[in-house]
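Structure, as structure tokens:
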Amino acid sequence: MGALGRPRRSCLAVPGSSTKMLGKAQGLAADQVFLDLEDSVAPLAKADARKNIVAALTEGDWAGKTRVVRVNDLTTPWTYRDVIDIVEGAGTHLDAIMLPKVQTVAHVQWLDLLLTQIEKTLGLPVGGIGIEAQIENARGLVNVDDIAGASPRVETIIFGPADFMASINMKSLVVGEQPPGYDVGDAYHYILSRLLMAARAHDLQVIDGPYLQIRDVDGFRRVAGRSAALGYDGKWVLHPGQIDAANELFSPDQGDYDHAELILDAYDYYTSEAGGRLGAVMLGDEMIDEASRKMALVIAGKGRAAGM
Ligand code: GLV
Ligand code: MG
């Protein structure tokens, strides 16, 4: 799955313990839903949540949405049962499994092998179910290149800011906002850039994690706007009120989209007029060459995927 894979501008978190939210999520405009078995579900509710998720996936209407289930991480006793019950119960109704707190390549390889066994047992196409790898601590970050290349199933690298901030002892309580006292730049810049490079080196998508102040849509827009500008493909949304902002921010604005299409048309027109002998041409006062064509293709590709 390439960097322009399944749509994921807005990735809606839905607790598997809430049948109400599993129902409501189906009517919302998020590109992706991830039905959660991990941190939004209490230990005693996990077994029922697996059943709720299988029922919601097999009986619900998720048309047009990327369908993902987040299982528990591999330090818990729940992960293998999560994967087996979800994939055996909902195999053809599922696009990917999200594995949280991935720390090493072995974590991804474990999931890849288990998925292969289940797919073979069920007669499903081997490799059909993707993997989303959440990076949530320093060990995951230093191993992220290997994690991104660990299996052809890996479709996205995801930043998990809350767990990450806790794991590095960041002196802050507000996820995604700058830690008070750090006044020399953006405390997330290194992490966001590091994940982006690892993802792109393996032609994967890269997704920013949650913003927990769910009523502060301006705050969401500010934080999401940064990762969108860097090149991220999308961001988690925890509340319906964040969905439109994410879909808008992770699409190009109309002016940029129109200009990108103009560059592509002009470049094709002038270079073919010149019989393929011109490398750089002029569009008004702007010089465009093969590299500008590639930049335009990124913006145009995002716009086309967003139906612009
Ligand atoms: C998400 O899982 C996070 O820890 O931010
Ligand atoms: Mg987390």
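Starting from 1 in every chain, residues are counted up; chains themselves are A, B, ... following the order of the structure tokens, and ligands are numbered from 1 as listed.
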
Nearby residues, ligand 2, 10 Å, only C-alpha atoms and all ligand atoms, as an MDAnalysis selection string: chainID A and resid 38:40 73 100:101 134:137 158:166 209:210

Write out the residues from the selection above, keeping C-alpha atoms, as an mmCIF file, in the first residue's frame.
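Output (result-v3.cif):
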```
data_model
loop_
_atom_site.group_PDB
_atom_site.id
_atom_site.type_symbol
_atom_site.label_atom_id
_atom_site.label_comp_id
_atom_site.auth_asym_id
_atom_site.auth_seq_id
_atom_site.Cartn_x
_atom_site.Cartn_y
_atom_site.Cartn_z
ATOM 1 C CA GLU A 38 -6.865 -0.973 24.058
ATOM 2 C CA ASP A 39 -6.759 2.069 26.332
ATOM 3 C CA SER A 40 -10.373 3.233 25.980
ATOM 4 C CA ASP A 73 -0.119 -4.208 23.027
ATOM 5 C CA PRO A 100 -0.075 -0.052 19.735
ATOM 6 C CA LYS A 101 3.261 0.502 21.532
ATOM 7 C CA GLN A 134 1.739 2.939 16.611
ATOM 8 C CA ILE A 135 5.019 4.387 17.887
ATOM 9 C CA GLU A 136 4.576 5.421 21.519
ATOM 10 C CA ASN A 137 7.965 5.358 23.228
ATOM 11 C CA ILE A 158 1.188 6.425 13.801
ATOM 12 C CA PHE A 159 2.445 8.855 16.443
ATOM 13 C CA GLY A 160 0.932 8.153 19.900
ATOM 14 C CA PRO A 161 1.650 11.449 21.674
ATOM 15 C CA ALA A 162 0.057 10.696 25.069
ATOM 16 C CA ASP A 163 1.960 7.495 25.747
ATOM 17 C CA PHE A 164 5.058 8.969 24.114
ATOM 18 C CA MET A 165 5.084 12.062 26.340
ATOM 19 C CA ALA A 166 4.684 9.827 29.401
ATOM 20 C CA GLY A 209 -2.321 10.917 17.101
ATOM 21 C CA PRO A 210 -5.032 12.403 19.308
#
```

Give me the residues near Leu230 in chain A as a ChimeraX atom specification, where near means some atom within 10 Å (using only C-alpha atoms) and where sequence neighbours in that chain fewer than 5 positions away do not count. /A:189,192-193,196,225

Residues from last step as file, C-alpha atoms, as a compact mmCIF listing (two decimals), in the first residue's frame:
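selection-v9.txt, written as the output of this step:
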```txt
# COMPACT_ATOMS: atom_id res chain seq x y z
CA HIS A 189 9.32 18.50 15.77
CA LEU A 192 7.12 14.03 13.96
CA SER A 193 9.92 14.44 11.42
CA LEU A 196 7.64 10.97 8.65
CA GLY A 225 -2.21 22.11 10.93
```

If we count only C-alpha atoms and set the cut-off at 10 Å, which residues sit around Leu264 in chain A, ignoring sequence neighbours fewer than 6 positions away in its own chain? Please answer as a VMD selection string. chain A and resid 288 290 292 to 297 300

Write out the residues from the selection above, keeping C-alpha atoms, as a PDB file, in the first residue's frame.
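Writing the result to part-v2.pdb gives the following:
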```pdb
ATOM      1  CA  ILE A 288       8.474  24.921 -13.537  1.00  0.00           C
ATOM      2  CA  GLU A 290      10.427  18.126 -13.266  1.00  0.00           C
ATOM      3  CA  SER A 292       7.976  21.334  -9.490  1.00  0.00           C
ATOM      4  CA  ARG A 293       5.869  18.839 -11.436  1.00  0.00           C
ATOM      5  CA  LYS A 294       6.428  16.298  -8.648  1.00  0.00           C
ATOM      6  CA  MET A 295       5.440  18.839  -5.973  1.00  0.00           C
ATOM      7  CA  ALA A 296       2.310  19.670  -7.939  1.00  0.00           C
ATOM      8  CA  LEU A 297       1.533  15.972  -8.280  1.00  0.00           C
ATOM      9  CA  ALA A 300      -3.081  17.311  -6.961  1.00  0.00           C
TER      10      ALA A 300
END
```

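Shortest separation to ligand 1 among A:Val217, A:Val175, A:Leu111, A:Ala228 occurs at residue A:Val175, atoms counted being only C-alpha atoms and all ligand atoms.
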
I need the alpha helix (DSSP H) residues of range 49-297 of chain A per DSSP on the backbone, written as a PyMOL selection string. chain A and resi 49-59+79-90+105-122+138-142+144-148+161-167+189-201+217-230+243-249+254-273+290-297

How many Å lie between CA of Val144 in chain A and CA of Asn72 in chain A, rounded to one decimal? 19.3 Å

Name the closest residue to ligand 1 among the candidates A:Ser167, A:Gln254, A:Gln103, A:Thr79; distances are taken between atoms, counting only C-alpha atoms and all ligand atoms. A:Ser167

Which residues are close to Gly279 in chain A, i.e. within 10 Å by only C-alpha atoms, leaving aside same-chain residues fewer than 5 positions away? Reply as a ChimeraX atom specification. /A:267,270-271,274,288-290

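CA of Tyr211 in chain A lies 14.4 Å from CA of Pro179 in chain A.
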